[in-house]
file protein_32.csv (CSV, C-alpha atoms)
chain,number,residue,atom,x,y,z
R,1,MET,CA,0.0,0.0,0.0
R,2,THR,CA,1.3,3.5,-0.9
R,3,PHE,CA,0.9,6.3,1.6
R,4,HIS,CA,0.9,10.0,0.9
R,5,GLN,CA,4.1,11.5,2.3
R,6,ARG,CA,2.4,14.1,4.5
R,7,PHE,CA,5.3,14.1,7.0
R,8,ALA,CA,8.3,13.7,4.8
R,9,GLY,CA,11.3,15.1,6.6
R,10,LYS,CA,9.3,15.7,9.8
R,11,THR,CA,9.7,14.3,13.3
R,12,VAL,CA,6.8,13.0,15.3
R,13,LEU,CA,6.5,12.0,18.9
R,14,VAL,CA,3.6,9.7,20.0
R,15,THR,CA,3.0,9.0,23.7
R,16,GLY,CA,1.8,5.6,24.7
R,17,ALA,CA,3.1,4.1,21.5
R,18,GLY,CA,3.9,0.7,22.9
R,19,THR,CA,0.3,-0.5,22.5
R,20,GLY,CA,-3.0,0.0,20.8
R,21,PHE,CA,-3.8,3.3,19.0
R,22,GLY,CA,-0.5,5.0,19.9
R,23,ALA,CA,1.4,2.2,18.2
R,24,ALA,CA,-0.7,2.4,15.1
R,25,ILE,CA,-0.3,6.2,14.9
R,26,ALA,CA,3.5,5.9,15.3
R,27,VAL,CA,3.8,3.4,12.5
R,28,ARG,CA,1.5,5.3,10.2
R,29,ALA,CA,3.5,8.5,10.8
R,30,ALA,CA,6.6,6.6,9.6
R,31,GLN,CA,4.8,5.2,6.6
R,32,GLU,CA,4.0,8.8,5.7
R,33,GLY,CA,7.7,9.9,5.9
R,34,ALA,CA,8.3,10.8,9.6
R,35,ASP,CA,11.1,9.9,12.0
R,36,VAL,CA,9.3,8.9,15.2
R,37,ALA,CA,10.0,9.2,18.9
R,38,VAL,CA,8.2,6.2,20.4
R,39,HIS,CA,7.2,6.9,24.0
R,40,TYR,CA,6.3,4.3,26.6
R,41,ARG,CA,5.9,4.1,30.4
R,42,SER,CA,6.0,0.4,31.1
R,43,SER,CA,5.4,-1.4,27.7
R,44,GLU,CA,9.0,-1.6,26.6
R,45,ALA,CA,8.5,-4.7,24.6
R,46,GLY,CA,5.6,-3.2,22.8
R,47,ALA,CA,7.5,0.0,22.2
R,48,ARG,CA,10.4,-2.0,20.6
R,49,GLN,CA,7.9,-3.7,18.4
R,50,THR,CA,6.5,-0.3,17.4
R,51,ALA,CA,10.0,0.9,16.7
R,52,ALA,CA,10.6,-2.1,14.5
R,53,GLY,CA,7.5,-1.1,12.5
R,54,VAL,CA,8.8,2.4,12.1
R,55,GLU,CA,12.1,1.1,10.9
R,56,ALA,CA,10.4,-1.3,8.5
R,57,ALA,CA,8.9,1.8,6.9
R,58,GLY,CA,12.4,3.1,6.3
R,59,ARG,CA,12.4,5.8,9.0
R,60,LYS,CA,14.3,6.4,12.2
R,61,ALA,CA,12.8,5.3,15.6
R,62,PHE,CA,13.8,6.7,19.0
R,63,LEU,CA,12.5,5.1,22.2
R,64,VAL,CA,11.8,7.4,25.1
R,65,GLN,CA,10.5,6.3,28.5
R,66,ALA,CA,8.6,8.5,30.9
R,67,ASP,CA,5.7,8.6,33.3
R,68,ILE,CA,3.7,11.6,32.0
R,69,VAL,CA,2.2,12.4,35.4
R,70,ASP,CA,5.7,13.7,36.4
R,71,TRP,CA,6.6,16.9,34.8
R,72,ALA,CA,10.4,16.3,35.4
R,73,GLN,CA,10.2,13.1,33.4
R,74,ILE,CA,8.3,14.9,30.6
R,75,ARG,CA,11.1,17.5,30.5
R,76,ARG,CA,13.7,14.8,30.3
R,77,MET,CA,11.8,13.2,27.5
R,78,ALA,CA,11.6,16.4,25.6
R,79,ASP,CA,15.3,17.1,26.1
R,80,ALA,CA,16.1,13.7,24.7
R,81,VAL,CA,13.9,14.1,21.6
R,82,TRP,CA,15.3,17.6,20.8
R,83,ASP,CA,18.8,16.3,21.4
R,84,ARG,CA,18.2,13.4,19.0
R,85,PHE,CA,16.3,15.1,16.2
R,86,GLY,CA,17.0,18.8,16.8
R,87,ARG,CA,13.3,19.7,16.6
R,88,LEU,CA,9.8,18.2,17.0
R,89,ASP,CA,7.2,18.9,14.3
R,90,VAL,CA,4.3,16.9,15.7
R,91,ALA,CA,3.4,15.7,19.2
R,92,VAL,CA,0.5,13.2,19.5
R,93,ASN,CA,-0.6,13.0,23.2
R,94,ASN,CA,-2.2,9.6,23.1
R,95,VAL,CA,-1.7,8.4,26.7
R,96,GLY,CA,-4.9,8.1,28.6
R,97,ASP,CA,-6.7,6.0,31.2
R,98,MET,CA,-10.2,4.9,30.6
R,99,ALA,CA,-10.7,3.0,33.9
R,100,SER,CA,-11.3,0.0,31.7
R,101,GLU,CA,-11.5,-2.5,34.6
R,102,GLN,CA,-14.5,-0.6,36.1
R,103,MET,CA,-17.8,-2.1,34.8
R,104,SER,CA,-20.2,0.2,36.8
R,105,TRP,CA,-20.3,3.6,38.3
R,106,ARG,CA,-21.0,1.8,41.6
R,107,ASP,CA,-17.5,0.5,41.6
R,108,ILE,CA,-15.8,3.9,41.4
R,109,THR,CA,-13.0,4.5,43.9
R,110,GLU,CA,-11.1,7.6,44.9
R,111,GLU,CA,-7.9,6.0,43.7
R,112,SER,CA,-9.4,5.5,40.2
R,113,VAL,CA,-10.7,9.1,40.1
R,114,ASP,CA,-7.3,10.5,41.1
R,115,HIS,CA,-5.4,8.3,38.6
R,116,THR,CA,-7.7,8.8,35.6
R,117,LEU,CA,-7.7,12.6,36.1
R,118,ALA,CA,-3.9,12.7,36.7
R,119,VAL,CA,-3.1,10.8,33.5
R,120,ASP,CA,-5.7,12.2,31.2
R,121,ILE,CA,-5.8,15.8,32.2
R,122,LYS,CA,-2.7,16.6,34.2
R,123,GLY,CA,-0.5,14.4,31.9
R,124,THR,CA,-1.9,15.8,28.6
R,125,LEU,CA,-1.7,19.3,29.9
R,126,MET,CA,1.9,19.1,30.9
R,127,CYS,CA,2.9,17.4,27.7
R,128,THR,CA,1.0,20.0,25.6
R,129,HIS,CA,2.7,22.8,27.7
R,130,GLU,CA,6.2,21.3,27.5
R,131,PHE,CA,6.2,20.3,23.8
R,132,GLY,CA,4.3,23.3,22.6
R,133,SER,CA,6.4,25.9,24.4
R,134,ARG,CA,9.5,24.4,22.8
R,135,MET,CA,7.9,24.3,19.3
R,136,LEU,CA,7.2,28.0,19.6
R,137,GLU,CA,10.9,28.7,19.7
R,138,GLN,CA,11.8,26.7,16.6
R,139,GLU,CA,11.5,27.7,13.0
R,140,GLY,CA,8.1,26.6,11.5
R,141,GLY,CA,6.4,26.0,14.8
R,142,GLY,CA,4.6,22.7,15.1
R,143,SER,CA,1.4,20.9,15.8
R,144,ILE,CA,-0.1,19.0,18.7
R,145,VAL,CA,-2.9,16.4,18.5
R,146,ASN,CA,-4.5,15.4,21.8
R,147,ILE,CA,-6.4,12.1,21.7
R,148,GLY,CA,-9.9,12.6,23.2
R,149,SER,CA,-13.0,10.5,23.0
R,150,THR,CA,-16.6,10.7,21.9
R,151,VAL,CA,-17.5,9.8,25.5
R,152,ILE,CA,-18.0,13.6,26.0
R,153,VAL,CA,-21.1,13.5,23.9
R,154,ARG,CA,-23.0,10.9,25.9
R,155,GLY,CA,-21.1,10.7,29.1
R,156,SER,CA,-20.3,7.4,30.7
R,157,ALA,CA,-22.5,5.7,33.2
R,158,ARG,CA,-19.8,3.1,33.5
R,159,ALA,CA,-16.9,5.4,34.4
R,160,PRO,CA,-17.9,9.1,35.0
R,161,GLN,CA,-14.3,9.9,35.8
R,162,TYR,CA,-13.3,9.0,32.3
R,163,ALA,CA,-15.9,11.3,30.7
R,164,ALA,CA,-14.8,14.1,33.0
R,165,ALA,CA,-11.2,13.6,32.1
R,166,LYS,CA,-11.9,13.7,28.4
R,167,TYR,CA,-13.9,16.9,28.8
R,168,GLY,CA,-10.8,18.3,30.5
R,169,ILE,CA,-8.7,17.6,27.5
R,170,VAL,CA,-11.1,19.6,25.3
R,171,GLY,CA,-10.7,22.6,27.7
R,172,LEU,CA,-6.9,22.5,27.9
R,173,THR,CA,-6.7,22.0,24.1
R,174,LYS,CA,-8.7,25.2,23.4
R,175,SER,CA,-6.7,27.1,26.0
R,176,TYR,CA,-3.3,26.2,24.5
R,177,ALA,CA,-4.6,26.7,21.0
R,178,HIS,CA,-5.2,30.3,22.0
R,179,ALA,CA,-1.9,30.6,23.8
R,180,PHE,CA,0.2,29.1,21.0
R,181,ALA,CA,-1.4,30.6,18.0
R,182,PRO,CA,-0.4,31.1,15.3
R,183,ARG,CA,2.8,29.2,15.4
R,184,VAL,CA,1.6,26.0,17.0
R,185,ARG,CA,-1.7,24.4,16.4
R,186,VAL,CA,-3.5,22.3,19.1
R,187,ASN,CA,-6.4,20.1,18.3
R,188,VAL,CA,-8.4,17.1,19.7
R,189,PHE,CA,-8.9,13.9,17.7
R,190,ALA,CA,-11.8,11.9,19.1
R,191,PRO,CA,-12.1,8.3,17.9
R,192,GLY,CA,-15.1,6.2,18.8
R,193,PHE,CA,-14.9,2.5,19.7
R,194,MET,CA,-11.9,0.8,18.3
R,195,GLU,CA,-11.0,-2.9,18.2
R,196,THR,CA,-7.8,-2.6,20.1
R,197,GLU,CA,-6.3,-5.8,21.7
R,198,ARG,CA,-7.7,-4.6,25.1
R,199,MET,CA,-11.2,-4.2,23.7
R,200,LEU,CA,-11.2,-7.5,21.8
R,201,ASN,CA,-10.2,-9.3,25.0
R,202,ARG,CA,-13.0,-7.8,27.1
R,203,ALA,CA,-15.5,-10.4,28.2
R,204,ASP,CA,-18.5,-8.1,27.5
R,205,TYR,CA,-17.2,-7.2,24.0
R,206,LYS,CA,-16.8,-10.9,23.1
R,207,ASN,CA,-20.2,-11.8,24.6
R,208,GLY,CA,-22.5,-9.6,22.5
R,209,ARG,CA,-21.4,-6.0,23.1
R,210,GLY,CA,-19.3,-5.8,19.9
R,211,ASP,CA,-22.3,-7.0,17.8
R,212,LYS,CA,-24.6,-4.4,19.6
R,213,LEU,CA,-22.1,-1.6,19.0
R,214,ARG,CA,-21.8,-2.5,15.3
R,215,GLU,CA,-25.6,-2.5,15.0
R,216,MET,CA,-25.8,1.0,16.7
R,217,THR,CA,-23.2,2.4,14.4
R,218,PRO,CA,-24.5,3.7,11.0
R,219,MET,CA,-21.3,2.4,9.3
R,220,HIS,CA,-21.9,-1.0,10.9
R,221,HIS,CA,-18.2,-1.3,11.6
R,222,ILE,CA,-15.9,-1.0,14.5
R,223,PRO,CA,-12.4,-0.1,13.1
R,224,LYS,CA,-9.0,-1.4,14.1
R,225,PRO,CA,-6.6,1.3,15.2
R,226,GLU,CA,-4.8,1.3,11.9
R,227,GLU,CA,-8.0,2.4,10.1
R,228,VAL,CA,-8.2,5.7,11.9
R,229,ALA,CA,-4.5,6.4,12.7
R,230,GLY,CA,-4.2,8.5,9.4
R,231,THR,CA,-7.3,10.4,10.4
R,232,ALA,CA,-5.7,11.5,13.7
R,233,LEU,CA,-2.6,12.6,11.8
R,234,PHE,CA,-4.7,14.7,9.4
R,235,LEU,CA,-4.9,17.3,12.1
R,236,ALA,CA,-1.2,17.6,12.2
R,237,SER,CA,-0.8,17.8,8.4
R,238,GLU,CA,-0.6,20.9,6.1
R,239,ASP,CA,-4.1,20.1,4.9
R,240,ALA,CA,-5.3,21.1,8.4
R,241,SER,CA,-3.2,24.3,8.5
R,242,HIS,CA,-6.2,26.5,9.3
R,243,ILE,CA,-7.6,24.2,12.1
R,244,THR,CA,-6.8,24.9,15.7
R,245,GLY,CA,-8.7,24.5,19.0
R,246,SER,CA,-11.0,22.0,17.2
R,247,TYR,CA,-12.4,18.6,17.8
R,248,LEU,CA,-12.5,16.0,15.1
R,249,VAL,CA,-14.7,12.9,15.5
R,250,ALA,CA,-14.2,9.6,13.7
R,251,ASP,CA,-16.8,7.2,15.1
R,252,GLY,CA,-18.7,5.8,12.1
R,253,GLY,CA,-21.7,8.1,12.9
R,254,TYR,CA,-22.3,6.6,16.4
R,255,ASN,CA,-22.6,10.1,17.8
R,256,MET,CA,-23.8,12.5,15.2
R,257,ILE,CA,-22.7,15.8,16.5
R,258,GLY,CA,-24.3,18.9,14.9
R,259,ALA,CA,-26.2,22.1,15.3

call {"tool": "encode", "arguments": {"input": "protein_32.csv", "output": "structure tokens"}}
result
Amino acid sequence: MTFHQRFAGKTVLVTGAGTGFGAAIAVRAAQEGADVAVHYRSSEAGARQTAAGVEAAGRKAFLVQADIVDWAQIRRMADAVWDRFGRLDVAVNNVGDMASEQMSWRDITEESVDHTLAVDIKGTLMCTHEFGSRMLEQEGGGSIVNIGSTVIVRGSARAPQYAAAKYGIVGLTKSYAHAFAPRVRVNVFAPGFMETERMLNRADYKNGRGDKLREMTPMHHIPKPEEVAGTALFLASEDASHITGSYLVADGGYNMIGA
């Protein structure tokens, strides 16, 4: 398959690229011409597999490890990326916690609330701040894509803390889009349900929920991460050069947002 080279000569950092959607975005960025910084916190084996995919596309891969709830670690990661590549053109803040082990709002714990908000809001905010402020100082600026969710449309009776966290990402994205304009664009990409390995292994998904979600989706399809990775990267491309502070949905019509 031939890919448009939207990121030829560019450098892209993807957080949480050891598994799932982050891995798919990292490999797709390489297929479109980018050298890629592959971030992971604990999934080193997965990150190495992602790096191999980047290199198989003929591009350079650079592994960086950090816990994004610690600003000092984010700074060290940014230092390493700039030292290696000299600049960063695109940052995709993909890391997020969806409290996936929680099956009901009745099971919520203070620990889960704290962790989900810390990872999704605090972590995304600090990464946006750190990468964006450095992009402002380099020639040509840059672009940041924060991975959100369509959960903000309907909320989540299963995990209210997850919906709250994703709302927070919209707020911080709009704020930094104002602060960084016009040199650095900041947007949210909101995928719907995806058939990640985690989703496919969930008991409820295997026992009928997957079929029900397909039935409720106008496109009658739940995509694999690879199918929407290019859509997320659209927001970082030149084709989206006049888009900032925006929210792009790719959910097969499951939530038809409109006036």

call {"tool": "atom_distance", "arguments": {"input": "protein_32.csv", "atom1": "CA of Val119 in chain R", "atom2": "CA of Asp70 in chain R"}}
result
9.7 Å

call {"tool": "closest_atom_pairs", "arguments": {"input": "protein_32.csv", "of": "range 64-141 of chain R", "to": "range 160-178 of chain R", "cutoff": "10 Å", "atoms": "all atoms listed in the file", "output": "tab-separated table"}}
result
residue	atom	partner	partner_atom	distance
R:Gly96	CA	R:Lys166	CA	9.0
R:Asp97	CA	R:Tyr162	CA	7.3
R:Met98	CA	R:Tyr162	CA	5.4
R:Ala99	CA	R:Tyr162	CA	6.7
R:Ser100	CA	R:Tyr162	CA	9.2
R:Ser104	CA	R:Pro160	CA	9.4
R:Trp105	CA	R:Pro160	CA	6.8
R:Ile108	CA	R:Gln161	CA	8.3
R:Thr109	CA	R:Gln161	CA	9.8
R:Glu110	CA	R:Gln161	CA	9.9
R:Ser112	CA	R:Gln161	CA	7.9
R:Val113	CA	R:Gln161	CA	5.7
R:Asp114	CA	R:Gln161	CA	8.8
R:His115	CA	R:Gln161	CA	9.5
R:Thr116	CA	R:Tyr162	CA	6.5
R:Leu117	CA	R:Ala165	CA	5.4
R:Ala118	CA	R:Ala165	CA	8.7
R:Val119	CA	R:Ala165	CA	8.7
R:Asp120	CA	R:Ala165	CA	5.7
R:Ile121	CA	R:Ile169	CA	5.8
R:Lys122	CA	R:Ile169	CA	9.0
R:Gly123	CA	R:Ile169	CA	9.8
R:Thr124	CA	R:Ile169	CA	7.1
R:Leu125	CA	R:Leu172	CA	6.4
R:Met126	CA	R:Leu172	CA	9.9
R:Thr128	CA	R:Tyr176	CA	7.6
R:His129	CA	R:Tyr176	CA	7.6
R:Gly132	CA	R:Tyr176	CA	8.4
R:Ser133	CA	R:Tyr176	CA	9.7

call {"tool": "closest_residue", "arguments": {"input": "protein_32.csv", "among": "R:Arg6, R:Asp107, R:Gly86, R:Ala229", "to": "Glu137 in chain R", "atoms": "all atoms listed in the file"}}
result
R:Gly86

call {"tool": "residues_around", "arguments": {"input": "protein_32.csv", "residues": "Gly53 in chain R", "least_positions_apart": "3", "cutoff": "10 Å", "atoms": "all atoms listed in the file", "output": "PDB file with C-alpha atoms, in the coordinates of the input"}}
result
ATOM      1  CA  ALA R  23       1.400   2.200  18.200  1.00  0.00           C
ATOM      2  CA  ALA R  24      -0.700   2.400  15.100  1.00  0.00           C
ATOM      3  CA  ALA R  26       3.500   5.900  15.300  1.00  0.00           C
ATOM      4  CA  VAL R  27       3.800   3.400  12.500  1.00  0.00           C
ATOM      5  CA  ARG R  28       1.500   5.300  10.200  1.00  0.00           C
ATOM      6  CA  ALA R  30       6.600   6.600   9.600  1.00  0.00           C
ATOM      7  CA  GLN R  31       4.800   5.200   6.600  1.00  0.00           C
ATOM      8  CA  ALA R  47       7.500   0.000  22.200  1.00  0.00           C
ATOM      9  CA  ARG R  48      10.400  -2.000  20.600  1.00  0.00           C
ATOM     10  CA  GLN R  49       7.900  -3.700  18.400  1.00  0.00           C
ATOM     11  CA  THR R  50       6.500  -0.300  17.400  1.00  0.00           C
ATOM     12  CA  ALA R  56      10.400  -1.300   8.500  1.00  0.00           C
ATOM     13  CA  ALA R  57       8.900   1.800   6.900  1.00  0.00           C
ATOM     14  CA  GLY R  58      12.400   3.100   6.300  1.00  0.00           C
ATOM     15  CA  ARG R  59      12.400   5.800   9.000  1.00  0.00           C
ATOM     16  CA  ALA R  61      12.800   5.300  15.600  1.00  0.00           C
TER      17      ALA R  61
END

call {"tool": "atom_distance", "arguments": {"input": "protein_32.csv", "atom1": "CA of Asp67 in chain R", "atom2": "CA of Lys224 in chain R"}}
result
26.2 Å

call {"tool": "residues_around", "arguments": {"input": "protein_32.csv", "residues": "Arg202 in chain R", "least_positions_apart": "5", "cutoff": "12 Å", "atoms": "all atoms listed in the file", "output": "short mmCIF file (atom, residue, chain, number, x, y, z; two decimals) with C-alpha atoms, keeping the file's coordinate frame"}}
result
data_model
loop_
_atom_site.label_atom_id
_atom_site.label_comp_id
_atom_site.auth_asym_id
_atom_site.auth_seq_id
_atom_site.Cartn_x
_atom_site.Cartn_y
_atom_site.Cartn_z
CA SER R 100 -11.30 0.00 31.70
CA GLU R 101 -11.50 -2.50 34.60
CA GLN R 102 -14.50 -0.60 36.10
CA MET R 103 -17.80 -2.10 34.80
CA GLU R 195 -11.00 -2.90 18.20
CA THR R 196 -7.80 -2.60 20.10
CA GLU R 197 -6.30 -5.80 21.70
CA ASN R 207 -20.20 -11.80 24.60
CA GLY R 208 -22.50 -9.60 22.50
CA ARG R 209 -21.40 -6.00 23.10
CA GLY R 210 -19.30 -5.80 19.90
#

call {"tool": "closest_residue", "arguments": {"input": "protein_32.csv", "among": "R:Val92, R:Ile68, R:Ala181, R:Ile147", "to": "Arg41 in chain R", "atoms": "all atoms listed in the file"}}
result
R:Ile68

call {"tool": "closest_residue", "arguments": {"input": "protein_32.csv", "among": "R:Phe234, R:Phe193, R:Trp82, R:Tyr205", "to": "Gly252 in chain R", "atoms": "only C-alpha atoms"}}
result
R:Phe193

call {"tool": "closest_residue", "arguments": {"input": "protein_32.csv", "among": "R:Val95, R:Val90, R:Ala240, R:Val81", "to": "Tyr40 in chain R", "atoms": "all atoms listed in the file"}}
result
R:Val95

call {"tool": "atom_distance", "arguments": {"input": "protein_32.csv", "atom1": "CA of Ala17 in chain R", "atom2": "CA of Phe131 in chain R"}}
result
16.7 Å

call {"tool": "closest_residue", "arguments": {"input": "protein_32.csv", "among": "R:Met135, R:Leu13, R:Ile25, R:Met194", "to": "Leu63 in chain R", "atoms": "all atoms listed in the file"}}
result
R:Leu13

call {"tool": "residues_around", "arguments": {"input": "protein_32.csv", "residues": "Arg183 in chain R", "least_positions_apart": "3", "cutoff": "8 Å", "atoms": "all atoms listed in the file", "output": "list in words"}}
result
Leu136, Gly140, Gly141, Gly142 and Phe180 of chain R

call {"tool": "write_last_selection", "arguments": {"input": "protein_32.csv", "atoms": "C-alpha atoms", "output": "PDB file, keeping the file's coordinate frame"}}
result
ATOM      1  CA  LEU R 136       7.200  28.000  19.600  1.00  0.00           C
ATOM      2  CA  GLY R 140       8.100  26.600  11.500  1.00  0.00           C
ATOM      3  CA  GLY R 141       6.400  26.000  14.800  1.00  0.00           C
ATOM      4  CA  GLY R 142       4.600  22.700  15.100  1.00  0.00           C
ATOM      5  CA  PHE R 180       0.200  29.100  21.000  1.00  0.00           C
TER       6      PHE R 180
END

call {"tool": "closest_residue", "arguments": {"input": "protein_32.csv", "among": "R:Glu238, R:Glu215, R:Glu44, R:Glu226", "to": "Asp89 in chain R", "atoms": "all atoms listed in the file"}}
result
R:Glu238
